[in-house]
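Enquirer: Pasting in a structure now, in structure tokens, and then I'll have a few things to ask.
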Amino acid sequence: MAREVIKVTAGIAGLAVGLAACGGGGGGDGASADGPPRDGETLRIVGSSDVEHLDTASVASVGGYGLVRTFARTLFSTRASNDFAETLPVQADVAARLPSKENGDVSRDGRGYTIRLRDGVMWNSSPPRPVTAQDFVRGFQRLCNPASPSAGKGYYISTIKGMDGFCRGFGGVNARDARAIAAYQRAHPIEGVRAKDDRTLVFRLKRPASDFLNLLSLPFTAAAPREYDAYVPDSPGLRQHMISDGPYQIAQYRPGISYLLTRNPAWRQDADPIRERHVARIQITLGQDSAETVQQQIEQGAADLAWDQPVPTSAIPRLRDDPRFAIRETPSNSPYLVFNLHSPNNGGALGDRAVRQALEYAVDRSALIKIVGGPSVAQPLHTVIPPGNSGYAASNPYPTPDESGDPGKCRQLLAKTGHRKLTLKFPYRTNSVHKLIAQSIAENLSACGVETRLTPDTGGSFYSSTIATPARAREGQWDIAAPGWTPDWYGNNGRSIIQPLFDGRGYGQNSTDYGGYDNPQVNALIDGALTAPDAGRAAGYWQRADQLIMADAAIVPLLDRAHTIFRSSRVHGALFVPTAAGYDYTRLWLS
């Protein structure tokens with residue numbers, strides 16, 4: 001097992017070094033050339049859309065991951081670093097140490113984990129009180145709440161003993177009744193998640209899982225204070241009453257407009273090995289869809305960082321040698337084209353695999369690469385699993401000349417299906433280059449004889465409701481969309497792509513299986529990977545699942561895209577978190 005993990009990690013690290021070399025600049029590695037950090041002042045972040053989910057139980061976006069890292073702590077975490085390999089190992093966070101069979105915290109059969117909490121981790125309640133093991137139990141229970149369930153719940157349902165039954169029962173509770181939700185949690189323990197005492201958690205797994213500590217590092221497993229029981233999960237009421245055990249707290253939240261984070265007086269540096277705290281305040285201002293305007297504000301010193309948009313493509317050539325600019329590796333499927341398999345439009349044509357296979361040939365990836373910044377920023381992708389992730393195997397089942405698409409073949413194959421004329425509803429995100437990407441794909445489809453109806457998703461609801469609501473899919477409110485997917489973790493991460501995006505058994509509200517794909521053979525391969533005795537054999541199952549999904553043409557992979565990022569001249573200590581596609585706000589300091 002260890003050899004396989006090392007092989008995967010080394011491959012990712014090599015990829016990271018290669019792409020970093022293409023990026024120029026690099027942005028430094030934090031404080032090395034800047035002297036000791038200075039405390040104080042306000043970090044100013046500007047961007048487009050609010051997070052889809054602020055509740056840690058259902059947080060799902062890279063922006064959300066970066067935000068909750070400031071105020072919500074998990075048992076384990078990963079370090080921010082500009083050396084990609086250094087971001088891979090799991091580190092103890094609220095846990096006092098990493099469990100292992102050697103220290104007695106992992107049982108001989110690999111199914112039992114005992115996690116001891118470190119001293120000094122406090123909620124910013126009034127008065128402050130310690131974070132307890134029961135707070136983590138509550139966090140796991142809330143993953144399956146009926147109001148705003150976690151997109152990652154499938155990881156835990158397939159891993160933790162008793163989680164499946166607990167979640168099935170929770171689904172029948174009134175999603176609008178906070179009291180009923182809290183009552184279910186109090187009356188229904190999860191067999192495999194138990195607080196032995198205030199300082200000790202005990203987990204029992206269905207089967208050994210080599211990535212279990214990775215699962216315990218994901219933001220939706222953060223501790224949840226008892227105050228959350230008074231609110232419907234992720235409701236407007238809860239969003240105004242978030243409790244912090246991290247270095248910052250949300251002092252003011254204006255939905256869709258801004259956040260103001262201030263220092264949490266209950267946080268202690270000696271109780272947090274992952275984060276630091278230097279800036280006095282973090283001001284996040286939303287509503288700016290233009291990446292060019294955001295970039296201009298940062299260069300002029302009116303802002304410090306972009307919230308949710310990479311550097312505009314037009315600015316990259318002149319910034320390549322600027323030390324404030326960097327291309328950071330985030331091996332991802334971003335964006336990809338997903339088909340709504342449940343759409344009734346066009347006589348249900350997208351439910352026909354042959355139609356989808358024809359459309360695979362339509363897309364000009366070379367044009368998309370130009371849109372996002374050229375080959376130093378993105379490479380064409382033809383598989384579900386991108387390079388640098390466990391289970392990747394190079395393949396191109398729908399090749400086109402020079403990555404430019406093959407409209408003739410697309411039209412020919414469509415004609416054979418009997419669906420010569422298609423009209424596809426295509427919602428797109430309005431920030432960054434997403435409009436340009438959607439327009440490019442629409443032009444490609446037009447050359448294939450397919451009409452598209454582009455609609456801007458101006459409310460920032462693209463992920464939270466537009467494509468993540470099964471009822472909307474079944475009503476045919478959309479046919480195709482271009483979301484992106486950054487894995488929840490790197491390293492031994494095979495299940496962080498296939499399971500959340502394609503396990504049809506988890507399809508429902510907030511599911512990231514946006515198109516409603518459900519193939520029993522793929523589901524069986526997922527189960528095979530999860531029960532494999534080592535990471536190497538698991539990777540074989542993930543590869544076969546990838547091949548089946550591509551044979552079914554469930555999605556059109558488009559780009560494996562790195563993240564371009566720029567900081568103002570006064571930002572120092574800039575250390576990258578790949579899963580958040582941004583710098584760690586808790587490590588930054590200002591001059």
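All residue names refer to the structure tokens as shown: chains lettered A, B, ... in order, residues numbered from 1 in each chain, ligands numbered from 1 in order.
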With a distance cut-off of 7 Å and only C-alpha atoms, select the neighbouring residues of range 141-157 of chain A, excluding the residue or stretch itself and same-chain residues fewer than 2 positions from it, and output the selection as a VMD selection string.

Expert: chain A and resid 57 to 58 60 137 to 139 159 to 160 163 to 164 167 170 to 171 173 175 to 176 185 232 to 234 500 506 510 to 512

Enquirer: Excluding same-chain residues fewer than 2 positions from range 449-461 of chain A, what lies within 8 Å of it counting only C-alpha atoms, as a list of chain:residue names?

Expert: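 Close residues of range 449-461 of chain A: A:Ser49, A:Asp50, A:Glu52, A:Arg411, A:Arg420, A:Lys421, A:Leu422, A:Thr423, A:Leu424, A:Lys425, A:Phe426, A:Pro427, A:Tyr428, A:Arg429, A:Thr430, A:Lys435, A:Ala438, A:Gln439, A:Ala442, A:Leu445, A:Ser446, A:Ala447, A:Tyr463, A:Ser464, A:Ser465, A:Thr466.
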
Enquirer: Which of range 277-440 of chain A end up as helix (DSSP H, G or I) when DSSP is run on this backbone - answer as number ranges by chain?

Expert: A: 291-299, 313-319, 345-351, 353-359, 365-372, 401-403, 407-417, 434-440

Enquirer: So what do you get for CA of Ala92 in chain A versus CA of Ile45 in chain A, distance-wise?

Expert: 28.7 Å

Enquirer: Can you work out the spacing between CA of Ala524 in chain A and CA of Arg207 in chain A in Å, to one decimal?

Expert: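 Computed distance, CA of Ala524 in chain A to CA of Arg207 in chain A, equals 15.8 Å.
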
Enquirer: Do a neighbour search on Tyr113 in chain A at 9 Å with only C-alpha atoms, toss out local chain neighbours closer than 6 positions, and write the hits as a ChimeraX atom specification.

Expert: /A:99-100,104-107,201-205

Enquirer: Which residue, A:Val94, A:Leu530, A:Ala72, A:Ile498, has the smallest gap to Met550 in chain A when you use only C-alpha atoms?

Expert: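 When distances to Met550 in chain A are compared using only C-alpha atoms, the smallest one comes from A:Ile498.
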
Enquirer: Which of range 189-319 of chain A counts as strand (DSSP E or B) under DSSP, as a ChimeraX atom specification please?

Expert: /A:193-197,200-205,248-254,258-263,281-285,305-306

Enquirer: Here is a test: counting only C-alpha atoms, which residue of A:Ile437, A:Ala367, A:Ala187, A:Val46 is nearest to Gly301 in chain A?

Expert: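 Using only C-alpha atoms, the shortest distance to Gly301 in chain A belongs to A:Val46.
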
Enquirer: For the interface of range 361-418 of chain A with range 321-334 of chain A (cut-off 7 Å, counting only C-alpha atoms), please tabulate each contacting residue of range 361-418 of chain A alongside its nearest pair of atoms and their separation in Å to one decimal, rows sorted by chain and increasing number, as a tab-separated table.

Expert:
```
residue	atom	partner	partner_atom	distance
A:Pro386	CA	A:Ser332	CA	5.9
A:Pro387	CA	A:Pro331	CA	6.7
A:Gly388	CA	A:Pro331	CA	6.0
```

Enquirer: Restrict the selected residues to all heavy atoms and save them as a short mmCIF file (atom, residue, chain, number, x, y, z; two decimals), in the first residue's frame.

Expert:
```cif
data_model
loop_
_atom_site.label_atom_id
_atom_site.label_comp_id
_atom_site.auth_asym_id
_atom_site.auth_seq_id
_atom_site.Cartn_x
_atom_site.Cartn_y
_atom_site.Cartn_z
N PRO A 386 -8.28 13.38 -14.10
CA PRO A 386 -7.18 14.11 -14.72
C PRO A 386 -5.83 13.54 -14.33
O PRO A 386 -5.70 12.83 -13.32
CB PRO A 386 -7.34 15.53 -14.13
CG PRO A 386 -8.66 15.56 -13.43
CD PRO A 386 -8.94 14.14 -13.03
N PRO A 387 -4.77 13.85 -15.09
CA PRO A 387 -3.42 13.46 -14.69
C PRO A 387 -3.10 13.99 -13.30
O PRO A 387 -3.60 15.03 -12.89
CB PRO A 387 -2.53 14.14 -15.74
CG PRO A 387 -3.43 14.40 -16.90
CD PRO A 387 -4.79 14.62 -16.34
N GLY A 388 -2.27 13.24 -12.58
CA GLY A 388 -1.90 13.68 -11.24
C GLY A 388 -2.87 13.25 -10.17
O GLY A 388 -2.75 13.67 -9.02
#
```
